[in-house]
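To be precise, the following lines are my_file.txt, and they hold compact mmCIF, C-alpha atoms.
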# COMPACT_ATOMS: atom_id res chain seq x y z
CA MET K 1 92.98 137.95 52.01
CA VAL K 2 92.62 139.06 55.63
CA ASN K 3 93.58 136.33 58.10
CA LEU K 4 90.98 136.32 60.88
CA ARG K 5 93.49 134.95 63.37
CA SER K 6 95.65 138.05 62.94
CA PHE K 7 92.79 140.53 62.65
CA ASP K 8 92.01 142.53 65.78
CA LEU K 9 88.22 142.30 66.15
CA ASN K 10 88.27 145.43 68.33
CA LEU K 11 88.95 147.31 65.09
CA LEU K 12 85.36 146.61 64.06
CA LEU K 13 84.13 148.96 66.79
CA ALA K 14 86.42 151.66 65.46
CA LEU K 15 85.33 150.94 61.87
CA LYS K 16 81.68 151.36 62.81
CA ALA K 17 82.36 154.67 64.62
CA LEU K 18 84.51 156.06 61.79
CA LEU K 19 82.00 155.20 59.09
CA GLN K 20 79.04 156.57 61.03
CA GLU K 21 80.77 159.77 62.18
CA LYS K 22 82.90 160.31 59.04
CA ASN K 23 85.24 162.24 61.32
CA VAL K 24 88.27 160.99 63.23
CA SER K 25 87.86 163.39 66.16
CA ARG K 26 84.17 162.61 66.69
CA ALA K 27 84.83 158.86 66.36
CA ALA K 28 87.61 159.17 68.96
CA GLU K 29 85.28 161.00 71.34
CA ARG K 30 82.60 158.33 70.82
CA LEU K 31 85.03 155.56 71.78
CA CYS K 32 86.66 157.57 74.59
CA LEU K 33 89.99 157.68 72.75
CA SER K 34 92.36 160.53 72.01
CA GLN K 35 92.47 161.89 68.48
CA PRO K 36 96.04 160.59 67.91
CA ALA K 37 94.99 157.14 69.17
CA MET K 38 92.04 157.04 66.77
CA SER K 39 94.28 158.15 63.91
CA HIS K 40 96.53 155.21 64.74
CA VAL K 41 93.51 152.87 64.74
CA LEU K 42 92.46 154.18 61.32
CA SER K 43 95.96 153.51 60.05
CA ARG K 44 95.76 149.93 61.31
CA LEU K 45 92.38 149.46 59.64
CA ARG K 46 93.73 150.74 56.34
CA ASN K 47 96.66 148.36 56.61
CA GLN K 48 94.61 145.28 57.59
CA LEU K 49 91.82 145.88 55.06
CA ASP K 50 94.12 147.23 52.35
CA ASP K 51 91.73 150.13 51.77
CA PRO K 52 91.79 153.89 52.63
CA ILE K 53 88.44 153.54 54.48
CA LEU K 54 87.99 157.34 54.71
CA VAL K 55 89.30 159.87 52.16
CA LYS K 56 89.30 163.64 52.11
CA SER K 57 86.78 165.54 49.98
CA ALA K 58 85.52 169.09 49.64
CA SER K 59 82.80 168.35 52.20
CA GLY K 60 85.09 166.51 54.63
CA MET K 61 85.96 162.82 55.02
CA VAL K 62 83.91 160.33 52.97
CA PRO K 63 83.90 156.52 53.07
CA THR K 64 85.27 154.49 50.23
CA ALA K 65 83.04 152.09 48.31
CA ARG K 66 84.56 149.14 50.20
CA ALA K 67 84.01 150.87 53.52
CA LEU K 68 80.36 151.57 52.72
CA ALA K 69 79.88 147.92 51.80
CA LEU K 70 81.38 146.92 55.19
CA LEU K 71 79.19 149.17 57.35
CA GLU K 72 75.96 147.13 57.40
CA PRO K 73 77.56 143.71 58.00
CA THR K 74 79.87 145.25 60.64
CA VAL K 75 76.90 146.69 62.53
CA ALA K 76 75.12 143.33 62.29
CA VAL K 77 78.15 141.40 63.55
CA LEU K 78 78.68 143.74 66.49
CA ARG K 79 75.00 143.53 67.40
CA GLU K 80 75.23 139.72 67.41
CA ILE K 81 78.39 139.79 69.53
CA GLU K 82 76.65 142.07 72.04
CA ARG K 83 73.75 139.60 72.18
CA ILE K 84 76.13 136.70 72.81
CA VAL K 85 78.10 138.34 75.62
CA GLU K 86 75.31 140.26 77.36
CA SER K 87 74.14 139.08 80.76
CA PRO K 88 71.41 136.42 80.67
CA PRO K 89 67.88 137.64 81.37
CA GLU K 90 66.62 137.67 84.93
CA PHE K 91 64.92 134.44 85.98
CA ASP K 92 61.15 134.85 86.20
CA PRO K 93 59.73 132.05 88.39
CA ALA K 94 56.17 133.09 87.57
CA THR K 95 56.57 132.13 83.90
CA SER K 96 59.43 129.60 83.95
CA ARG K 97 58.86 125.97 82.95
CA ARG K 98 62.22 124.82 84.28
CA ARG K 99 62.55 121.25 85.57
CA PHE K 100 64.69 120.62 88.65
CA VAL K 101 66.00 117.25 89.84
CA ILE K 102 66.78 116.92 93.55
CA SER K 103 68.53 113.85 94.92
CA THR K 104 67.75 113.25 98.57
CA SER K 105 66.32 110.95 101.25
CA ASP K 106 62.75 110.59 102.44
CA TYR K 107 63.80 112.43 105.63
CA VAL K 108 64.72 115.54 103.64
CA ALA K 109 61.56 115.17 101.56
CA PHE K 110 59.65 114.99 104.84
CA ALA K 111 61.42 117.96 106.47
CA VAL K 112 61.79 120.28 103.50
CA LEU K 113 59.58 119.26 100.57
CA PRO K 114 56.16 120.35 101.95
CA LYS K 115 57.32 123.93 102.43
CA LEU K 116 59.28 123.89 99.16
CA ALA K 117 56.20 122.62 97.32
CA GLU K 118 54.02 125.31 98.89
CA SER K 119 56.50 128.00 97.88
CA ILE K 120 56.91 126.74 94.31
CA ILE K 121 53.19 126.28 93.68
CA ARG K 122 52.56 129.81 94.92
CA ILE K 123 55.50 131.57 93.25
CA ALA K 124 56.43 129.35 90.29
CA PRO K 125 53.37 127.28 89.32
CA ASN K 126 54.82 125.97 86.04
CA ILE K 127 58.09 124.64 87.47
CA GLU K 128 58.49 120.86 87.74
CA VAL K 129 60.45 119.21 90.58
CA GLN K 130 61.56 115.57 90.53
CA ILE K 131 62.84 113.90 93.71
CA ARG K 132 65.35 111.11 93.11
CA GLN K 133 66.97 108.61 95.45
CA PRO K 134 70.03 109.69 97.44
CA ILE K 135 73.40 109.63 95.76
CA ILE K 136 75.35 106.42 96.30
CA GLY K 137 79.05 106.80 95.71
CA SER K 138 80.92 109.92 94.63
CA PRO K 139 78.75 113.06 94.74
CA HIS K 140 81.02 114.68 92.16
CA LEU K 141 80.43 111.96 89.57
CA ALA K 142 76.69 111.78 90.24
CA LEU K 143 76.21 115.54 89.95
CA GLU K 144 78.30 115.61 86.79
CA GLU K 145 76.84 112.62 84.99
CA ASP K 146 73.28 112.06 86.28
CA ASN K 147 71.67 115.44 85.50
CA ILE K 148 71.05 116.14 89.19
CA ASP K 149 70.56 119.81 90.02
CA VAL K 150 70.94 119.56 93.80
CA ALA K 151 71.84 116.73 96.19
CA ILE K 152 70.76 117.18 99.81
CA GLY K 153 71.98 115.08 102.71
CA PHE K 154 74.03 114.98 105.89
CA ASP K 155 77.65 116.03 105.65
CA ALA K 156 78.74 112.81 107.38
CA ILE K 157 77.23 110.81 104.52
CA PHE K 158 78.64 112.97 101.74
CA GLY K 159 82.10 113.15 103.29
CA SER K 160 84.70 115.26 101.49
CA THR K 161 83.35 116.82 98.29
CA PRO K 162 86.22 118.51 96.41
CA HIS K 163 85.36 120.41 93.22
CA ILE K 164 81.68 120.56 94.25
CA CYS K 165 79.80 123.67 95.40
CA SER K 166 77.93 123.35 98.69
CA ASP K 167 76.04 125.25 101.36
CA THR K 168 74.73 124.35 104.81
CA LEU K 169 70.95 124.24 105.11
CA MET K 170 70.45 123.44 108.79
CA ALA K 171 71.72 121.45 111.75
CA GLU K 172 69.82 118.44 113.07
CA SER K 173 69.73 116.35 116.25
CA ILE K 174 69.72 112.57 116.15
CA VAL K 175 67.57 110.88 118.81
CA CYS K 176 66.30 107.42 119.66
CA LEU K 177 62.67 106.34 119.29
CA THR K 178 60.84 103.37 120.79
CA ARG K 179 57.35 102.50 121.98
CA GLN K 180 56.22 103.92 125.28
CA CYS K 181 55.65 100.51 126.87
CA ASN K 182 59.03 99.03 125.94
CA PRO K 183 59.97 96.95 129.03
CA ALA K 184 63.66 97.11 128.15
CA VAL K 185 63.60 100.92 128.46
CA PRO K 186 60.99 101.79 131.10
CA GLY K 187 62.03 105.41 131.67
CA ASP K 188 62.76 108.48 129.55
CA GLU K 189 66.50 107.82 129.49
CA ILE K 190 68.50 104.97 128.01
CA THR K 191 71.90 103.71 129.11
CA LEU K 192 74.57 102.58 126.73
CA ALA K 193 74.12 99.00 127.96
CA GLN K 194 70.38 99.15 127.23
CA PHE K 195 71.05 100.72 123.84
CA LEU K 196 73.43 97.92 122.85
CA GLU K 197 71.21 95.15 124.27
CA CYS K 198 68.05 96.24 122.42
CA LYS K 199 67.41 95.35 118.81
CA HIS K 200 67.35 98.14 116.26
CA ILE K 201 65.84 99.26 112.96
CA LEU K 202 68.45 100.69 110.61
CA ILE K 203 67.61 103.06 107.78
CA THR K 204 70.39 102.97 105.21
CA TRP K 205 71.15 102.86 101.50
CA ARG K 206 74.58 101.30 102.02
CA GLU K 207 75.06 97.82 100.63
CA ALA K 208 77.11 97.00 103.75
CA GLY K 209 74.00 97.38 105.92
CA THR K 210 75.52 99.88 108.35
CA GLY K 211 74.83 103.49 109.19
CA LEU K 212 76.39 106.54 110.82
CA ILE K 213 75.60 105.30 114.33
CA ASP K 214 77.42 102.05 113.58
CA ASP K 215 80.45 104.00 112.39
CA CYS K 216 80.60 105.82 115.73
CA LEU K 217 80.14 102.60 117.71
CA ALA K 218 82.84 100.86 115.69
CA LYS K 219 85.35 103.53 116.73
CA LEU K 220 84.55 102.56 120.35
CA GLY K 221 84.90 98.87 119.60
CA LEU K 222 81.15 98.36 119.99
CA HIS K 223 78.28 97.24 117.81
CA ARG K 224 74.49 97.14 118.12
CA ASN K 225 71.97 94.44 117.28
CA ILE K 226 70.17 95.24 114.04
CA SER K 227 66.99 93.32 113.23
CA PHE K 228 65.57 95.26 110.28
CA ILE K 229 67.32 97.22 107.56
CA LEU K 230 64.99 99.52 105.62
CA PRO K 231 65.57 102.00 102.77
CA ASN K 232 63.23 104.66 104.22
CA PHE K 233 61.33 105.76 107.33
CA LEU K 234 57.80 105.35 105.94
CA THR K 235 56.61 102.30 107.94
CA THR K 236 58.79 102.66 111.04
CA PRO K 237 56.24 104.29 113.44
CA TRP K 238 53.95 101.27 113.17
CA ILE K 239 56.79 98.76 113.37
CA LEU K 240 58.01 100.47 116.56
CA GLU K 241 54.48 100.53 117.96
CA LYS K 242 54.21 96.74 117.74
CA THR K 243 57.77 95.78 118.80
CA ASP K 244 60.46 96.64 121.32
CA LEU K 245 62.81 97.83 118.61
CA LEU K 246 64.75 101.08 118.72
CA LEU K 247 65.19 103.53 115.85
CA CYS K 248 67.79 106.30 115.62
CA LEU K 249 66.52 109.18 113.49
CA PRO K 250 66.52 112.98 113.10
CA ARG K 251 64.67 114.89 115.80
CA ARG K 252 62.32 116.67 113.39
CA MET K 253 61.01 113.36 112.14
CA ALA K 254 60.82 111.84 115.63
CA ASP K 255 58.65 114.77 116.78
CA LYS K 256 56.13 113.94 114.06
CA PHE K 257 56.22 110.18 114.62
CA VAL K 258 55.19 110.49 118.28
CA GLU K 259 52.00 112.15 117.00
CA LEU K 260 51.24 109.09 114.86
CA ALA K 261 51.83 106.28 117.36
CA PRO K 262 52.39 105.79 121.14
CA LEU K 263 56.15 106.30 120.99
CA LYS K 264 58.72 108.14 123.12
CA ILE K 265 61.89 110.01 122.29
CA LEU K 266 65.13 109.15 124.11
CA PRO K 267 68.56 110.83 123.95
CA ILE K 268 71.21 108.64 122.34
CA PRO K 269 73.73 107.53 125.03
CA ILE K 270 76.85 108.13 122.92
CA ASP K 271 78.62 111.26 121.76
CA LEU K 272 78.02 111.84 118.08
CA PRO K 273 79.71 114.30 115.76
CA ARG K 274 77.92 117.43 114.65
CA TYR K 275 75.72 116.66 111.64
CA GLU K 276 74.66 119.34 109.20
CA LEU K 277 72.25 119.07 106.33
CA ARG K 278 74.01 120.29 103.20
CA MET K 279 73.08 120.81 99.59
CA LEU K 280 75.58 120.12 96.83
CA TRP K 281 75.59 121.24 93.22
CA HIS K 282 77.96 121.09 90.27
CA PRO K 283 80.02 124.24 89.55
CA ARG K 284 78.46 124.47 86.08
CA HIS K 285 75.23 125.60 87.79
CA GLU K 286 76.88 128.19 90.04
CA LYS K 287 75.77 131.26 88.01
CA ASP K 288 72.61 129.77 86.49
CA ARG K 289 69.87 132.27 87.46
CA ALA K 290 67.17 129.61 87.79
CA HIS K 291 69.45 127.36 89.80
CA MET K 292 70.39 130.24 92.08
CA TRP K 293 66.69 130.85 92.66
CA LEU K 294 66.11 127.21 93.68
CA ARG K 295 69.06 127.25 96.08
CA GLU K 296 67.84 130.48 97.65
CA ARG K 297 64.38 128.94 98.13
CA LEU K 298 65.91 125.96 99.92
CA LEU K 299 68.12 128.14 102.10
CA THR K 300 65.23 130.42 103.06
CA ILE K 301 62.94 127.51 103.94
CA CYS K 302 65.54 125.66 106.02
CA ARG K 303 66.83 128.70 107.87
CA ARG K 304 63.32 129.84 108.71
CA ASP K 305 62.58 126.34 110.00
CA SER K 306 65.76 126.39 112.10
CA ASP K 307 64.85 129.79 113.56
CA ASN K 308 61.36 128.56 114.43
CA LYS K 309 62.75 125.41 116.05
CA ALA K 310 65.29 127.40 118.05
CA SER K 311 62.51 129.66 119.33
CA ALA K 312 60.36 126.65 120.25
CA ASP K 313 63.30 125.07 122.09
CA GLY K 314 63.94 128.24 124.07
CA GLY K 315 66.84 129.37 121.91
CA ALA K 316 68.67 126.05 121.74
CA VAL K 317 70.22 125.19 118.42
CA GLY K 318 69.26 121.80 117.04
CA LEU K 319 72.60 119.98 117.11
CA LEU K 320 73.51 116.43 117.88
CA HIS K 321 73.91 115.39 121.49
Turn the structure described in the file into structure tokens.
Amino acid sequence: MVNLRSFDLNLLLALKALLQEKNVSRAAERLCLSQPAMSHVLSRLRNQLDDPILVKSASGMVPTARALALLEPTVAVLREIERIVESPPEFDPATSRRRFVISTSDYVAFAVLPKLAESIIRIAPNIEVQIRQPIIGSPHLALEEDNIDVAIGFDAIFGSTPHICSDTLMAESIVCLTRQCNPAVPGDEITLAQFLECKHILITWREAGTGLIDDCLAKLGLHRNISFILPNFLTTPWILEKTDLLLCLPRRMADKFVELAPLKILPIPIDLPRYELRMLWHPRHEKDRAHMWLRERLLTICRRDSDNKASADGGAVGLLH
């Protein structure tokens, strides 16, 4: 009995060529081998299968009965192997019914989702997108265990992400927002003393009730007065309109909020690190054609938005002050 562990499966290619050509030289040419090399392969086949495979006759080489019986199943096996190892088909967004899960904040949904939705509805009308809450804890574990395709957030929140694939979507400025008639901040600038004296709204998902601004202040030995801690930005324009509270938030969102309520945008009076919006995904999705398409959509949308914003700002890149 032939032991599969010791049988060279490459010999099946040679077996197929020899049985179809019934000629060692032509089989060698078909497999881009020399005639002596193919003769050696035939010898190995005879030894492993304990059968002559091809024998001489008056009309040339002819297959043995065993060899003839092997031809059809050999062709079928090789065809199946080719099917298994061939490249996956191209992703067709127009017909795909793929479901994507994106973990992110309401800010990213606000800044990115409208344009992503427009693109998907137009290009891939049968695709389903689910937005889930931001990752809390290790991005690696969440992406591995929670069936999340892409996580999007600021690099300062994600921190170090070893063993996870990532790409930068865009840079963002963080600014301060308050109502126009706030007596504690009468002008269009705010001092550090005013910033620390005013009460704040904090948007965070941390159980500790602190955010990135608080991390920066803590390094300076400072802290701010927080009155409200909220999980999202949804109601903040109308809270700010009716109070003297301050809110630190991304510039893109602040620009929209001043259109909804009588608010003003102020520069934050502390130096903050550069924040970039990043998307993370598990390495198992790296070569997935559909996943690659989604990531390219997100990159295209965010980079186009960044280019438009830079043009509107006179060429300035939207980074943190």
Task: Counting only C-alpha atoms, the residue of K:Met61, K:Leu11, K:Cys216, K:Arg278 that sits nearest Ser25 of chain K - done: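 Counting only C-alpha atoms, the residue closest to Ser25 of chain K is K:Met61.
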Task: Selected residue, from K:Pro267, K:Pro125, K:Gly153, K:Gly137, that lies nearest to Ser96 of chain K when counting all atoms listed in the file - done: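 Checking each of K:Pro267, K:Pro125, K:Gly153, K:Gly137 against Ser96 of chain K, counting all atoms listed in the file, the winner is K:Pro125.
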List every residue of segment 72-114 of chain K that has an atom at most 10 Å from any atom of segment 126-136 of chain K, giving for each one its closest atom pair and the distance in Å to one decimal, counting only C-alpha atoms, sorted by chain and then by ascending residue number, as JSON lines.
{"residue": "K:Pro93", "atom": "CA", "partner": "K:Ile127", "partner_atom": "CA", "distance": 7.6}
{"residue": "K:Ala94", "atom": "CA", "partner": "K:Asn126", "partner_atom": "CA", "distance": 7.4}
{"residue": "K:Thr95", "atom": "CA", "partner": "K:Asn126", "partner_atom": "CA", "distance": 6.8}
{"residue": "K:Ser96", "atom": "CA", "partner": "K:Ile127", "partner_atom": "CA", "distance": 6.2}
{"residue": "K:Arg97", "atom": "CA", "partner": "K:Ile127", "partner_atom": "CA", "distance": 4.8}
{"residue": "K:Arg98", "atom": "CA", "partner": "K:Ile127", "partner_atom": "CA", "distance": 5.2}
{"residue": "K:Arg99", "atom": "CA", "partner": "K:Glu128", "partner_atom": "CA", "distance": 4.6}
{"residue": "K:Phe100", "atom": "CA", "partner": "K:Val129", "partner_atom": "CA", "distance": 4.9}
{"residue": "K:Val101", "atom": "CA", "partner": "K:Gln130", "partner_atom": "CA", "distance": 4.8}
{"residue": "K:Ile102", "atom": "CA", "partner": "K:Ile131", "partner_atom": "CA", "distance": 5.0}
{"residue": "K:Ser103", "atom": "CA", "partner": "K:Arg132", "partner_atom": "CA", "distance": 4.6}
{"residue": "K:Thr104", "atom": "CA", "partner": "K:Pro134", "partner_atom": "CA", "distance": 4.4}
{"residue": "K:Ser105", "atom": "CA", "partner": "K:Pro134", "partner_atom": "CA", "distance": 5.5}
{"residue": "K:Asp106", "atom": "CA", "partner": "K:Gln133", "partner_atom": "CA", "distance": 8.4}
{"residue": "K:Ala109", "atom": "CA", "partner": "K:Ile131", "partner_atom": "CA", "distance": 8.1}
{"residue": "K:Leu113", "atom": "CA", "partner": "K:Ile131", "partner_atom": "CA", "distance": 9.3}
- [ ] Can you work out the spacing between atom CA of Lys242 of chain K and atom CA of Val112 of chain K in Å, to one decimal?
- [x]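 Atom CA of Lys242 of chain K sits 28.5 Å away from atom CA of Val112 of chain K.
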Open item on the list: Please report the interatomic distance between atom CA of Glu172 of chain K and atom CA of Phe154 of chain K in Å with one decimal.
Closed with: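 We find that atom CA of Glu172 of chain K and atom CA of Phe154 of chain K lie 9.0 Å from each other.
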What are the closest atom pairs, with distances in Å to one decimal, for all residues of segment 83-178 of chain K lying within 12 Å of segment 254-266 of chain K? Consider all atoms listed in the file, order rows by chain and residue number, and present the result as a Markdown table.
| residue | atom | partner | partner_atom | distance |
| --- | --- | --- | --- | --- |
| K:Tyr107 | CA | K:Ala254 | CA | 10.5 |
| K:Phe110 | CA | K:Lys256 | CA | 9.9 |
| K:Ala111 | CA | K:Lys256 | CA | 10.1 |
| K:Glu172 | CA | K:Ala254 | CA | 11.5 |
| K:Ser173 | CA | K:Ala254 | CA | 10.0 |
| K:Ile174 | CA | K:Ala254 | CA | 8.9 |
| K:Val175 | CA | K:Leu266 | CA | 6.1 |
| K:Cys176 | CA | K:Leu266 | CA | 4.9 |
| K:Leu177 | CA | K:Ile265 | CA | 4.8 |
| K:Thr178 | CA | K:Leu263 | CA | 5.5 |
With C-alpha atoms kept, could you save the residues just selected as an mmCIF file, in the coordinates of the input?
data_model
loop_
_atom_site.group_PDB
_atom_site.id
_atom_site.type_symbol
_atom_site.label_atom_id
_atom_site.label_comp_id
_atom_site.auth_asym_id
_atom_site.auth_seq_id
_atom_site.Cartn_x
_atom_site.Cartn_y
_atom_site.Cartn_z
ATOM 1 C CA TYR K 107 63.800 112.430 105.630
ATOM 2 C CA PHE K 110 59.650 114.990 104.840
ATOM 3 C CA ALA K 111 61.420 117.960 106.470
ATOM 4 C CA GLU K 172 69.820 118.440 113.070
ATOM 5 C CA SER K 173 69.730 116.350 116.250
ATOM 6 C CA ILE K 174 69.720 112.570 116.150
ATOM 7 C CA VAL K 175 67.570 110.880 118.810
ATOM 8 C CA CYS K 176 66.300 107.420 119.660
ATOM 9 C CA LEU K 177 62.670 106.340 119.290
ATOM 10 C CA THR K 178 60.840 103.370 120.790
#
- [ ] Measuring atom to atom with all atoms listed in the file, identify which of K:Leu31, K:Leu143, K:Leu78, K:Asp8 is nearest to Gln48 of chain K.
- [x] K:Asp8
Task: Between atom CA of Asn23 of chain K and atom CA of Val77 of chain K, distance in Å (one decimal) - done: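 If I compute the distance from atom CA of Asn23 of chain K to atom CA of Val77 of chain K, I get 22.1 Å.
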- [ ] Fewer than 4 positions away in the same chain doesn't count, so skip those; otherwise give me all residues within 10 Å of Leu280 of chain K, counting all atoms listed in the file, as a list in words.
- [x]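 After dropping sequence-adjacent residues, the list is Ile102, Ser103, Pro139, His140, Leu143, Ile148, Asp149, Val150, Ala151, Ile152, Gly153, Asp155, Phe158, Thr161, Ile164, Cys165, Ser166, Asp167, Thr168 and Arg295 of chain K.
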Open item on the list: Taking all atoms listed in the file into account, name the residue in K:Ile213, K:Lys115, K:Lys22, K:Pro273 that is nearest to Ser59 of chain K.
Closed with: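 Looking only at the distances to Ser59 of chain K, the closest residue turns out to be K:Lys22.
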Near Leu70 of chain K, within 12 Å and counting all atoms listed in the file, which residues show up once chain neighbours fewer than 4 positions away are dropped, as an mmCIF file with C-alpha atoms, keeping the file's coordinate frame?
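The resulting file, part-v1.cif, is shown below:
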data_model
loop_
_atom_site.group_PDB
_atom_site.id
_atom_site.type_symbol
_atom_site.label_atom_id
_atom_site.label_comp_id
_atom_site.auth_asym_id
_atom_site.auth_seq_id
_atom_site.Cartn_x
_atom_site.Cartn_y
_atom_site.Cartn_z
ATOM 1 C CA LEU K 12 85.360 146.610 64.060
ATOM 2 C CA LEU K 15 85.330 150.940 61.870
ATOM 3 C CA LYS K 16 81.680 151.360 62.810
ATOM 4 C CA LEU K 18 84.510 156.060 61.790
ATOM 5 C CA LEU K 19 82.000 155.200 59.090
ATOM 6 C CA GLN K 20 79.040 156.570 61.030
ATOM 7 C CA LEU K 49 91.820 145.880 55.060
ATOM 8 C CA ASP K 51 91.730 150.130 51.770
ATOM 9 C CA ILE K 53 88.440 153.540 54.480
ATOM 10 C CA PRO K 63 83.900 156.520 53.070
ATOM 11 C CA THR K 64 85.270 154.490 50.230
ATOM 12 C CA ALA K 65 83.040 152.090 48.310
ATOM 13 C CA ARG K 66 84.560 149.140 50.200
ATOM 14 C CA THR K 74 79.870 145.250 60.640
ATOM 15 C CA VAL K 75 76.900 146.690 62.530
ATOM 16 C CA ALA K 76 75.120 143.330 62.290
ATOM 17 C CA VAL K 77 78.150 141.400 63.550
#
Open item on the list: Show me the residues around (63.9, 96.5, 130.4) - criterion: an atom at most 12 Å away, all atoms listed in the file counted - as a ChimeraX atom specification.
Closed with: /K:180-187,189-191,193-195,197-198,244-245
Task: Selected residue, from K:Leu196, K:Ala156, K:Leu222, K:Leu116, that lies nearest to Glu296 of chain K when counting all atoms listed in the file - done: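 For Glu296 of chain K, the nearest of the candidates is K:Leu116.
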